[in-house]
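S.K.: Dumping the structure here so I can ask a few things about it.
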Amino acid sequence: MSGESEPTGATGMKTMKAIRIHTFGGPEVLLLEEQPRPVPGPGEVLVRVRAAGVLATDWEFRAGLMPGFLGLELPLIPGWDISGIVEAVGPGVTDFQIGKDVYAMLPGQGGYAEYAVVNTAILASKPAALDYIQAAAVPSAACTAYKSLYEVAGLSGGQTLLVHGASGGVGSFAIQLAKAKGAKVIAMASARKADFVRSLGADEVFDYTQSPFEEHLGEIDAVFDTVGGETQERSFKVLKSGGMLVTIAGGRPPSPDLALQFGVRAEFVGTEPDGARLAAITALIDAGKLKPAVNQVLPLAEVRQAHELLQNRQARGKIVLQVSE
């Protein structure tokens, strides 16, 4: 820490600035408040948060579209993804030292704050190739794509992957992870986002606004779906027999009847915080095979604008909050 005095409350307790929500609603329910600084327990570290990623899940929960999600209860500090510096360590922690650059996917809350307590089981060293802003754009999106393609779909070199929502946070990582495996990638994107997804490695771009993709594509090995609904249902038609549809949309498994009808496999994937998975992603990033696509950086106090951009689908890539210098 610098030589500046620590902010303290009336009781002398160290405090921090944090965004909290006390009730579901629009972006106006995101309130910047002074909160007690958390203290790490056994197996935990205190991270001084430098940057926090903003997810679609954040605004969906805030809006009341996912009440009871992961057992989360109001009031709470939103935020899944953080990057920062280890400020203090709890009892028994030996693998992360004070001053270490780290990042993490949190279990659904705690990220929009100057400090966060993190269990070391979900913590990883920040990629040396990235700054704090870039690193905060990685954890949830990259871990979701990694688990979906590598662990569930078993994607391999020479296969063809179709990515729905290719320009989004998760989709942009899916393209790169597929290319790292040596797969061919067909990205679904509008014309104005075509150059962006090509820059990530997409071999082909299909403009879904011009014609139905299922009338032009076929014999696809795997579909990665971040959209759901009708798009997901139509995707069964483009898969080859024995192919795989993996979705992160809708919160429930794809239709088993359609999977049986087309002779394919289909699974819903939810991603949990996992330090080992994140460490594998760190290695890919530092090897130059993966990079985050940061769309916009906003200060913590402007979190409402970040939510509005995501809610209105105006973001390309990730939005990151700069929490501290």
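Chain labels follow the order of the structure tokens: the first chain is A, the next B, and so on; residue numbering restarts at 1 in every chain, and ligands are counted from 1 in their shown order.
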Which neighbours of region 171-177 of chain A fall inside 10 Å, counting only C-alpha atoms, when residues of the same chain fewer than 3 positions from it are skipped, and could you give them as a PyMOL selection string?

M.R.: chain A and resi 138+141-146+148-150+155+161-168+180-188+196-203+224-226+281+284+289-293+316-318

S.K.: From a DSSP pass on the backbone, collect the residues of region 161-286 of chain A flagged as strand (DSSP E) and hand them back as a PyMOL selection string.

M.R.: chain A and resi 161-163+184-188+204-206+220-225+239-247+265-268

S.K.: Would you save the residues from that selection as an mmCIF file, in the first residue's frame, using C-alpha atoms?

M.R.:
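Okay, this is what ended up in out_15.cif:
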data_model
loop_
_atom_site.group_PDB
_atom_site.id
_atom_site.type_symbol
_atom_site.label_atom_id
_atom_site.label_comp_id
_atom_site.auth_asym_id
_atom_site.auth_seq_id
_atom_site.Cartn_x
_atom_site.Cartn_y
_atom_site.Cartn_z
ATOM 1 C CA LEU A 161 -17.212 -25.609 -34.685
ATOM 2 C CA LEU A 162 -20.147 -23.236 -35.187
ATOM 3 C CA VAL A 163 -20.278 -20.432 -32.612
ATOM 4 C CA LYS A 184 -12.164 -24.767 -38.031
ATOM 5 C CA VAL A 185 -14.485 -22.030 -36.736
ATOM 6 C CA ILE A 186 -17.632 -20.670 -38.342
ATOM 7 C CA ALA A 187 -18.729 -17.559 -36.453
ATOM 8 C CA MET A 188 -22.287 -16.286 -36.430
ATOM 9 C CA GLU A 204 -15.782 -18.127 -41.848
ATOM 10 C CA VAL A 205 -18.393 -15.591 -40.792
ATOM 11 C CA PHE A 206 -22.095 -16.185 -41.418
ATOM 12 C CA ILE A 220 -20.887 -29.475 -38.348
ATOM 13 C CA ASP A 221 -19.025 -31.402 -35.629
ATOM 14 C CA ALA A 222 -20.007 -29.128 -32.744
ATOM 15 C CA VAL A 223 -22.197 -26.112 -32.051
ATOM 16 C CA PHE A 224 -21.459 -23.730 -29.200
ATOM 17 C CA ASP A 225 -24.648 -21.851 -28.366
ATOM 18 C CA LEU A 239 -24.921 -31.058 -36.886
ATOM 19 C CA LYS A 240 -23.541 -34.249 -38.394
ATOM 20 C CA SER A 241 -24.666 -37.549 -36.890
ATOM 21 C CA GLY A 242 -22.907 -38.005 -33.571
ATOM 22 C CA GLY A 243 -22.167 -34.286 -33.328
ATOM 23 C CA MET A 244 -22.399 -32.194 -30.182
ATOM 24 C CA LEU A 245 -24.449 -29.142 -29.199
ATOM 25 C CA VAL A 246 -23.211 -27.349 -26.097
ATOM 26 C CA THR A 247 -25.214 -24.442 -24.743
ATOM 27 C CA ARG A 265 -25.516 -35.175 -28.153
ATOM 28 C CA ALA A 266 -26.636 -32.009 -26.414
ATOM 29 C CA GLU A 267 -25.696 -30.582 -23.025
ATOM 30 C CA PHE A 268 -26.143 -27.430 -20.975
#

S.K.: Could you check which of A:Leu278, A:Met13, A:Leu31, A:Leu74 is closest to Leu300 (chain A), using only C-alpha atoms?

M.R.: A:Leu31

S.K.: Listing only residues of region 118-194 of chain A within 12 Å of region 35-40 of chain A, what is the closest atom pair and its distance in Å (to one decimal) for each, using only C-alpha atoms, sorted by chain and residue number ascending, as a tab-separated table?

M.R.:
residue	atom	partner	partner_atom	distance
A:Val118	CA	A:Pro40	CA	7.6
A:Asn119	CA	A:Pro40	CA	8.5
A:Thr120	CA	A:Pro40	CA	10.5

S.K.: Deliver the residues from the most recent selection as a file, using all heavy atoms, as a PDB file, in the first residue's frame.

M.R.:
ATOM      1  N   VAL A 118     -11.040 -13.899  -1.231  1.00  0.00           N
ATOM      2  CA  VAL A 118     -11.088 -14.972  -2.224  1.00  0.00           C
ATOM      3  C   VAL A 118     -10.460 -16.236  -1.658  1.00  0.00           C
ATOM      4  O   VAL A 118      -9.342 -16.189  -1.122  1.00  0.00           O
ATOM      5  CB  VAL A 118     -10.342 -14.571  -3.515  1.00  0.00           C
ATOM      6  CG1 VAL A 118     -10.523 -15.640  -4.583  1.00  0.00           C
ATOM      7  CG2 VAL A 118     -10.822 -13.213  -4.025  1.00  0.00           C
ATOM      8  N   ASN A 119     -11.152 -17.365  -1.781  1.00  0.00           N
ATOM      9  CA  ASN A 119     -10.565 -18.654  -1.414  1.00  0.00           C
ATOM     10  C   ASN A 119      -9.473 -19.005  -2.416  1.00  0.00           C
ATOM     11  O   ASN A 119      -9.666 -18.859  -3.626  1.00  0.00           O
ATOM     12  CB  ASN A 119     -11.654 -19.730  -1.406  1.00  0.00           C
ATOM     13  CG  ASN A 119     -11.184 -21.022  -0.780  1.00  0.00           C
ATOM     14  OD1 ASN A 119     -10.294 -21.689  -1.309  1.00  0.00           O
ATOM     15  ND2 ASN A 119     -11.763 -21.391   0.350  1.00  0.00           N
ATOM     16  N   THR A 120      -8.349 -19.486  -1.934  1.00  0.00           N
ATOM     17  CA  THR A 120      -7.233 -19.769  -2.838  1.00  0.00           C
ATOM     18  C   THR A 120      -7.544 -20.880  -3.842  1.00  0.00           C
ATOM     19  O   THR A 120      -6.880 -20.987  -4.872  1.00  0.00           O
ATOM     20  CB  THR A 120      -5.970 -20.141  -2.045  1.00  0.00           C
ATOM     21  OG1 THR A 120      -6.235 -21.285  -1.215  1.00  0.00           O
ATOM     22  CG2 THR A 120      -5.514 -18.983  -1.178  1.00  0.00           C
TER      23      THR A 120
END

S.K.: Under the rule that only C-alpha atoms are counted, which of A:Glu73, A:Asp195, A:Glu44, A:Glu233 is the nearest residue to Gly108 (chain A)?

M.R.: A:Glu73

S.K.: Would you list, as a PyMOL selection string, the residues of region 20-215 of chain A that end up in helix (DSSP H, G or I) under DSSP run on this structure's backbone?

M.R.: chain A and resi 27-29+56-62+69-71+120-122+132-136+139-152+169-180+191-199+213-215

S.K.: A:Gln322, A:Thr94, A:Ser190, A:Thr15: which is nearest Ser211 (chain A), counting only C-alpha atoms?

M.R.: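 Nearest to Ser211 (chain A): A:Ser190.
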
S.K.: I'd like to know which of A:Arg304, A:Lys100, A:Arg277, A:Lys193 is closest to Ile122 (chain A), using only C-alpha atoms.

M.R.: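 Under the stated criterion, the closest residue is A:Arg277.
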
S.K.: Could you list, as JSON, numbers by chain, every residue within 12 Å of Ala113 (chain A), counting only C-alpha atoms and ignoring same-chain residues fewer than 5 positions away?

M.R.: {"A": [15, 16, 17, 18, 19, 20, 31, 32, 33, 34, 35, 36, 37, 38, 46, 47, 48, 49, 50, 51, 52, 53, 76, 77, 78, 79, 80, 81, 82, 83, 84, 299, 300, 301, 303, 321, 322, 323, 324]}

S.K.: Find the residues of region 107-219 of chain A that sit at most 8 Å from region 272-276 of chain A; for each, write down the nearest two atoms and how far apart they are in Å, to one decimal. Count only C-alpha atoms. Sort by chain, then by number going up, and give it as JSON lines.

M.R.:
{"residue": "A:Pro107", "atom": "CA", "partner": "A:Pro273", "partner_atom": "CA", "distance": 6.3}
{"residue": "A:Thr120", "atom": "CA", "partner": "A:Gly275", "partner_atom": "CA", "distance": 7.5}
{"residue": "A:Ala121", "atom": "CA", "partner": "A:Gly275", "partner_atom": "CA", "distance": 5.4}
{"residue": "A:Ile122", "atom": "CA", "partner": "A:Gly275", "partner_atom": "CA", "distance": 3.9}
{"residue": "A:Leu123", "atom": "CA", "partner": "A:Gly275", "partner_atom": "CA", "distance": 4.9}
{"residue": "A:Ala124", "atom": "CA", "partner": "A:Gly275", "partner_atom": "CA", "distance": 5.5}
{"residue": "A:Ser140", "atom": "CA", "partner": "A:Pro273", "partner_atom": "CA", "distance": 7.9}

S.K.: Measuring atom to atom with only C-alpha atoms, identify which of A:Phe96, A:Val45, A:Ala104, A:Gly251 is nearest to Phe69 (chain A).

M.R.: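 Under the stated criterion, the closest residue is A:Gly251.
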
S.K.: Could you tell me which of A:His307, A:Lys237, A:Lys14, A:Arg192 comes closest to Gln261 (chain A) if we count only C-alpha atoms?

M.R.: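 Closest residue, counting only C-alpha atoms: A:Lys237.
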
S.K.: Neighbours of Glu214 (chain A) within 7 Å (only C-alpha atoms; same-chain residues fewer than 4 positions away dropped), as a short mmCIF file (atom, residue, chain, number, x, y, z; two decimals) with C-alpha atoms, in the first residue's frame?

M.R.:
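Output contents, as saved in part-v3.cif:
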data_model
loop_
_atom_site.label_atom_id
_atom_site.label_comp_id
_atom_site.auth_asym_id
_atom_site.auth_seq_id
_atom_site.Cartn_x
_atom_site.Cartn_y
_atom_site.Cartn_z
CA ARG A 234 -32.47 -24.77 -35.44
CA SER A 235 -28.87 -25.70 -34.65
CA LYS A 237 -30.25 -29.40 -38.19
CA VAL A 238 -26.65 -28.44 -39.03
#
